[in-house]
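Here's the structure, in C-alpha cells; my notes come after.
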Amino acid sequence: MASLRAYIGAYMVRSRVRGALARARSAADFRRIFEAPAFPDPKGVTYEAGTVGGVRGEWVRPKAGSGRRMLYIHGGGFIACAPRTHRPVTGALANRGFTIFAPDYRLAPEHPFPAAVEDVVAVWRAFSAEGAACVAGESAGGNLALVLMGEARARNMPMPWAAALFSPATDFVSEGGSRVTNAWRDAMFDPKALGTIRSMYLGNADPADPRISPINGDPTGFPPLLFHVGGREVLRDDSVRMAERARAAGVETELKVFPVVAHAWQFAAGMLPEARASLDEAAAFLKAHAPKPDAPSGSPEP
C-alpha cells in the first residue's frame with residue numbers, strides 16, 4: 001500500500017513537471033526542468049571532483065569510513081543532468097555504505113549515441129581495474145548500466161558483482177504496453193516528451209541496437225540484477241520485460257513494482273518512505289552479492 005506522501009509527491013510532480021516536459025522542445029528546455037534543484041545534498045558524505053578513465057566526474061564518499069565500490073550512472077534522458085544534480089541519490093547511497101564514482105558522461109544532442117556508451121565503458125575499464133565494484137543507475141543511467149554489462153562481456157572486462165536499476169529505459173522500439181496504458185497515469189512523462197528525448201539521443205542510430213535497447217541484447221552471464229520501478233510509469237514494462245528476459249537467461253533477478261510513486265522517486269529519500277525503502281533494499285541487495293574481502297578483484301568474462 002502506498003503512503004500518503006507518495007500520493008502527494010506524485011501530485012506535485014504531475015502539477016509542476018509533466019506539463020513542462022510535454023511542452024519542451026530543445027535540450028535547453030529539458031535541462032532547465034531536469035536540473036532544477038528540488039532536494040538538498042545529503043549530509044554525512046563528501047563530494048569531490050575526479051577523473052576516471054579520462055572522464056570527469058564526482059567521488060561521493062561516506063564520512064564514516066570507506067564503503068563498497070560503486071559506479072553510479074546518472075539519468076536525465078541522455079540529454080541533461082550531471083553528478084552534481086544526482087547528489088540526493090548518490091549521497092543517500094554513500095550513507096548506506098558505498099564509495100561512489102559518478103561519471104559526467106557526454107550528453108546528446110551535442111554528443112548523440114554512442115558517446116555516452118563510450119564514456120561509461122572507458123570509466124568502467126579503469127574503475128574495475130582498481131578492484132571489484134557494483135553498478136547502479138536510474139532511467140537513462142539504468143539503460144547505460146545494462147549496456148555497460150553487455151559491453152564488459154563483449155570486451156572481456158570484469159563484470160560488476162551486481163547491479164541496481166531504478167526505472168531503466170530498456171526499449172526504444174516498443175510503443176505499446178505501459179507506454180499506452182500508463183500514458184495518462186505517469187506523473188512525470190507523457191509519450192510526447194519521451195519521443196522528443198529519443199530523437200535527440202539516437203541521431204541516425206538504429207533504435208533496435210542492443211546498445212540502445214538492451215531488451216534486444218543477450219543478458220546471459222550478467223551478474224545479479226535488481227529492478228525497481230513505479231507501477232504507474234510509462235517505463236514500467238521496460239523493467240518488467242527486461243527482468244523476465246534476464247531470468248529466462250539464468251540471471252538472478254529481483255523485480256519490485258512500487259505503487260503510485262513518480263519516476264525517479266529515490267531522489268525524495270528525505271520525505272518519502274518509498275524512496276528510503278528502495279535505497280535500503282538496493283543497498284542490501286548489492287552488499288549481499290559483494291565478494292568477500294579476500295576474494296580476487298574480479299575476473300574477465302570468458
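Residue numbers start at 1 in each chain; chains themselves are named A, B, ... in the order of the C-alpha cells; ligands are numbered from 1 in the order shown.
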
#### Entry: Test item, helix (DSSP H, G or I) assignment across stretch 30-260 of chain A, answer as a PyMOL selection string
chain A and resi 30-34+83-94+115-129+140-154+178-181+191-202+214-216+236-248

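Within the 9 Å cut-off around A:Phe227, using only C-alpha atoms and omitting residues fewer than 2 positions from it on the same chain, the listed residues are Ala163, Ala164, Leu165, Phe166, Ser167, Pro168, Leu225, Val229, Ser239, Val240, Met242, Ala243, Thr253, Glu254, Leu255, Lys256, Val257 and Ala282 of chain A.
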
Neighbours of stretch 149-153 of chain A within 9 Å (only C-alpha atoms; same-chain residues fewer than 4 positions away dropped), as a PDB file with N, CA, C and O atoms, in the first residue's frame?
ATOM      1  N   VAL A 117      27.788   5.862 -24.174  1.00  0.00           N
ATOM      2  CA  VAL A 117      28.237   4.483 -24.001  1.00  0.00           C
ATOM      3  C   VAL A 117      29.759   4.423 -23.977  1.00  0.00           C
ATOM      4  O   VAL A 117      30.363   3.759 -23.118  1.00  0.00           O
ATOM      5  N   VAL A 121      31.941   3.094 -20.748  1.00  0.00           N
ATOM      6  CA  VAL A 121      32.843   1.953 -20.918  1.00  0.00           C
ATOM      7  C   VAL A 121      34.272   2.340 -20.532  1.00  0.00           C
ATOM      8  O   VAL A 121      34.984   1.575 -19.874  1.00  0.00           O
ATOM      9  N   TRP A 124      34.465   2.453 -16.791  1.00  0.00           N
ATOM     10  CA  TRP A 124      34.426   1.124 -16.183  1.00  0.00           C
ATOM     11  C   TRP A 124      35.741   0.373 -16.384  1.00  0.00           C
ATOM     12  O   TRP A 124      36.197  -0.334 -15.484  1.00  0.00           O
ATOM     13  N   ARG A 125      36.349   0.523 -17.544  1.00  0.00           N
ATOM     14  CA  ARG A 125      37.614  -0.161 -17.802  1.00  0.00           C
ATOM     15  C   ARG A 125      38.642   0.225 -16.730  1.00  0.00           C
ATOM     16  O   ARG A 125      39.350  -0.630 -16.181  1.00  0.00           O
ATOM     17  N   LEU A 144      22.219   2.719 -19.448  1.00  0.00           N
ATOM     18  CA  LEU A 144      23.666   2.661 -19.676  1.00  0.00           C
ATOM     19  C   LEU A 144      24.328   1.595 -18.812  1.00  0.00           C
ATOM     20  O   LEU A 144      25.315   0.983 -19.226  1.00  0.00           O
ATOM     21  N   ALA A 145      23.789   1.344 -17.621  1.00  0.00           N
ATOM     22  CA  ALA A 145      24.338   0.289 -16.784  1.00  0.00           C
ATOM     23  C   ALA A 145      24.143  -1.075 -17.436  1.00  0.00           C
ATOM     24  O   ALA A 145      25.052  -1.922 -17.444  1.00  0.00           O
ATOM     25  N   MET A 157      36.081  -7.486 -20.185  1.00  0.00           N
ATOM     26  CA  MET A 157      36.364  -6.716 -18.979  1.00  0.00           C
ATOM     27  C   MET A 157      35.653  -7.363 -17.790  1.00  0.00           C
ATOM     28  O   MET A 157      34.694  -8.121 -17.977  1.00  0.00           O
ATOM     29  N   PRO A 158      36.087  -7.072 -16.573  1.00  0.00           N
ATOM     30  CA  PRO A 158      35.381  -7.613 -15.398  1.00  0.00           C
ATOM     31  C   PRO A 158      33.932  -7.159 -15.372  1.00  0.00           C
ATOM     32  O   PRO A 158      33.611  -6.040 -15.779  1.00  0.00           O
ATOM     33  N   MET A 159      33.071  -8.022 -14.891  1.00  0.00           N
ATOM     34  CA  MET A 159      31.667  -7.681 -14.697  1.00  0.00           C
ATOM     35  C   MET A 159      31.490  -7.019 -13.328  1.00  0.00           C
ATOM     36  O   MET A 159      32.235  -7.308 -12.389  1.00  0.00           O
ATOM     37  N   PRO A 160      30.501  -6.139 -13.189  1.00  0.00           N
ATOM     38  CA  PRO A 160      30.105  -5.720 -11.837  1.00  0.00           C
ATOM     39  C   PRO A 160      29.674  -6.950 -11.054  1.00  0.00           C
ATOM     40  O   PRO A 160      29.245  -7.952 -11.632  1.00  0.00           O
ATOM     41  N   PRO A 210      21.119  -3.269 -29.596  1.00  0.00           N
ATOM     42  CA  PRO A 210      21.130  -3.633 -28.168  1.00  0.00           C
ATOM     43  C   PRO A 210      21.878  -2.641 -27.286  1.00  0.00           C
ATOM     44  O   PRO A 210      21.645  -2.601 -26.075  1.00  0.00           O
ATOM     45  N   ARG A 211      22.768  -1.822 -27.876  1.00  0.00           N
ATOM     46  CA  ARG A 211      23.457  -0.812 -27.090  1.00  0.00           C
ATOM     47  C   ARG A 211      22.565   0.409 -26.845  1.00  0.00           C
ATOM     48  O   ARG A 211      22.921   1.309 -26.088  1.00  0.00           O
ATOM     49  N   PRO A 214      18.627  -2.393 -24.616  1.00  0.00           N
ATOM     50  CA  PRO A 214      19.204  -3.629 -24.060  1.00  0.00           C
ATOM     51  C   PRO A 214      18.223  -4.790 -23.999  1.00  0.00           C
ATOM     52  O   PRO A 214      18.646  -5.934 -23.871  1.00  0.00           O
ATOM     53  N   GLY A 217      19.267  -7.291 -26.354  1.00  0.00           N
ATOM     54  CA  GLY A 217      20.541  -7.949 -26.157  1.00  0.00           C
ATOM     55  C   GLY A 217      20.389  -9.283 -25.440  1.00  0.00           C
ATOM     56  O   GLY A 217      19.288  -9.683 -25.052  1.00  0.00           O
ATOM     57  N   ASP A 218      21.486  -9.944 -25.252  1.00  0.00           N
ATOM     58  CA  ASP A 218      21.518 -11.233 -24.550  1.00  0.00           C
ATOM     59  C   ASP A 218      22.115 -11.017 -23.168  1.00  0.00           C
ATOM     60  O   ASP A 218      23.310 -10.742 -23.043  1.00  0.00           O
ATOM     61  N   PRO A 219      21.320 -11.156 -22.101  1.00  0.00           N
ATOM     62  CA  PRO A 219      21.848 -10.930 -20.753  1.00  0.00           C
ATOM     63  C   PRO A 219      22.541 -12.136 -20.136  1.00  0.00           C
ATOM     64  O   PRO A 219      22.898 -12.091 -18.949  1.00  0.00           O
ATOM     65  N   GLY A 221      25.017 -14.436 -18.553  1.00  0.00           N
ATOM     66  CA  GLY A 221      26.273 -14.136 -17.878  1.00  0.00           C
ATOM     67  C   GLY A 221      26.275 -12.844 -17.100  1.00  0.00           C
ATOM     68  O   GLY A 221      27.297 -12.496 -16.486  1.00  0.00           O
ATOM     69  N   PHE A 222      25.158 -12.112 -17.096  1.00  0.00           N
ATOM     70  CA  PHE A 222      25.086 -10.880 -16.306  1.00  0.00           C
ATOM     71  C   PHE A 222      25.103 -11.229 -14.809  1.00  0.00           C
ATOM     72  O   PHE A 222      24.684 -12.313 -14.400  1.00  0.00           O
ATOM     73  N   PRO A 223      25.555 -10.298 -13.986  1.00  0.00           N
ATOM     74  CA  PRO A 223      25.529 -10.512 -12.533  1.00  0.00           C
ATOM     75  C   PRO A 223      24.102 -10.370 -12.005  1.00  0.00           C
ATOM     76  O   PRO A 223      23.177 -10.026 -12.757  1.00  0.00           O
ATOM     77  N   PRO A 300      37.839 -11.422 -15.814  1.00  0.00           N
ATOM     78  CA  PRO A 300      37.124 -11.146 -17.030  1.00  0.00           C
ATOM     79  C   PRO A 300      36.172 -12.274 -17.375  1.00  0.00           C
ATOM     80  O   PRO A 300      36.400 -13.436 -17.048  1.00  0.00           O
ATOM     81  N   GLU A 301      35.106 -11.904 -18.043  1.00  0.00           N
ATOM     82  CA  GLU A 301      34.181 -12.899 -18.548  1.00  0.00           C
ATOM     83  C   GLU A 301      34.858 -13.720 -19.628  1.00  0.00           C
ATOM     84  O   GLU A 301      35.674 -13.198 -20.389  1.00  0.00           O
ATOM     85  N   PRO A 302      34.554 -15.024 -19.729  1.00  0.00           N
ATOM     86  CA  PRO A 302      35.180 -15.831 -20.757  1.00  0.00           C
ATOM     87  C   PRO A 302      34.694 -15.418 -22.132  1.00  0.00           C
ATOM     88  O   PRO A 302      33.635 -14.874 -22.277  1.00  0.00           O
TER      89      PRO A 302
END

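Residues within 7 Å of stretch 263-267 of chain A, counting only C-alpha atoms and excluding same-chain residues fewer than 5 positions away, are Pro88, Val89, Glu138, Met188, Gly230, Glu233, Ala275, Ser278 and Leu279 of chain A.
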
### Secondary structure check, strand (DSSP E) residues of stretch 247-286 of chain A, as a PyMOL selection string
chain A and resi 253-258

With N, CA, C and O atoms kept, could you save the residues just selected as a PDB file, in the first residue's frame?
ATOM      1  N   THR A 253      17.579 -12.477 -10.598  1.00  0.00           N
ATOM      2  CA  THR A 253      16.898 -11.211 -10.842  1.00  0.00           C
ATOM      3  C   THR A 253      15.806 -10.973  -9.812  1.00  0.00           C
ATOM      4  O   THR A 253      15.035 -11.884  -9.500  1.00  0.00           O
ATOM      5  N   GLU A 254      15.753  -9.765  -9.298  1.00  0.00           N
ATOM      6  CA  GLU A 254      14.660  -9.343  -8.422  1.00  0.00           C
ATOM      7  C   GLU A 254      13.972  -8.135  -9.047  1.00  0.00           C
ATOM      8  O   GLU A 254      14.641  -7.227  -9.560  1.00  0.00           O
ATOM      9  N   LEU A 255      12.657  -8.145  -9.005  1.00  0.00           N
ATOM     10  CA  LEU A 255      11.847  -7.048  -9.532  1.00  0.00           C
ATOM     11  C   LEU A 255      10.836  -6.638  -8.485  1.00  0.00           C
ATOM     12  O   LEU A 255      10.139  -7.487  -7.919  1.00  0.00           O
ATOM     13  N   LYS A 256      10.763  -5.330  -8.217  1.00  0.00           N
ATOM     14  CA  LYS A 256       9.735  -4.815  -7.321  1.00  0.00           C
ATOM     15  C   LYS A 256       9.062  -3.626  -7.980  1.00  0.00           C
ATOM     16  O   LYS A 256       9.740  -2.697  -8.428  1.00  0.00           O
ATOM     17  N   VAL A 257       7.738  -3.683  -8.047  1.00  0.00           N
ATOM     18  CA  VAL A 257       6.947  -2.602  -8.620  1.00  0.00           C
ATOM     19  C   VAL A 257       6.292  -1.835  -7.477  1.00  0.00           C
ATOM     20  O   VAL A 257       5.503  -2.400  -6.714  1.00  0.00           O
ATOM     21  N   PHE A 258       6.641  -0.557  -7.353  1.00  0.00           N
ATOM     22  CA  PHE A 258       6.117   0.291  -6.282  1.00  0.00           C
ATOM     23  C   PHE A 258       4.844   0.999  -6.762  1.00  0.00           C
ATOM     24  O   PHE A 258       4.844   1.606  -7.837  1.00  0.00           O
TER      25      PHE A 258
END

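Separating atom CA of A:Ser178 from atom CA of A:Pro259 is a distance of 14.0 Å.
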
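All residues of protein, DNA or RNA that reach within 10 Å of A:Arg25, judged by only C-alpha atoms and not counting those fewer than 6 positions away in the chain, are Ala193, Thr196 and Ile197 of chain A.
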
Any chance you could export the current selection's C-alpha atoms as a compact mmCIF listing (two decimals), in the first residue's frame?
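Output below, filename part_31.txt:
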# COMPACT_ATOMS: atom_id res chain seq x y z
CA ALA A 193 8.22 14.03 -24.12
CA THR A 196 11.44 14.16 -28.25
CA ILE A 197 14.20 12.88 -25.97

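With distances restricted to only C-alpha atoms, A:Ala187 is the closest residue to A:Ala10 from A:Val60, A:Ala187, A:Leu286, A:Ile215.
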
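Taking atom CA of A:Val135 and atom CA of A:Leu71 as the two end points, the separation is 4.7 Å.
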
### Task
Within 9 Å of A:Ala80, counting only C-alpha atoms, which residues show up once you throw out same-chain ones fewer than 5 positions away? Write them as a list in words, please.
Ala27, Ala28, Phe30, Arg31, Arg32, Phe34, Glu35, Gly75, Leu107 and Ala108 of chain A

Once you have the residues from the selection above, write them out as a compact mmCIF listing (two decimals), in the first residue's frame, restricted to C-alpha atoms.
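And here is the file that came out, part.txt:
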# COMPACT_ATOMS: atom_id res chain seq x y z
CA ALA A 27 17.77 20.33 -24.94
CA ALA A 28 17.91 23.65 -23.07
CA PHE A 30 14.72 19.79 -20.82
CA ARG A 31 17.86 20.76 -18.93
CA ARG A 32 16.10 23.67 -17.27
CA PHE A 34 15.54 18.25 -15.10
CA GLU A 35 18.32 20.22 -13.46
CA GLY A 75 19.84 9.66 -15.57
CA LEU A 107 25.23 14.38 -23.38
CA ALA A 108 23.09 14.48 -26.50

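When only C-alpha atoms are used to measure the gap to A:Pro40, the shortest distance among A:Ala115, A:Ala283, A:Ala248, A:Ala92 belongs to A:Ala92.
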
### Task
Quick one: everything within 9 Å of A:Leu202, counting only C-alpha atoms, minus sequence neighbours fewer than 6 positions away in the same chain. Send it as a PyMOL selection string.
chain A and resi 108-109+112-114+212

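If only C-alpha atoms are the atoms counted, then among A:Arg241, A:Lys292, A:Arg96, A:Arg56 the closest residue to A:Arg276 is A:Arg96.
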
### Query
Given the choices A:Ile73, A:Val173, A:Met12, A:Val147, which gets closest to A:Ala262 if the distance is worked out from only C-alpha atoms?
A:Met12

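Minimum distance to A:Asp104 across A:Ser3, A:Ser174, A:Ser15, A:Thr51 (counting only C-alpha atoms) occurs at A:Thr51.
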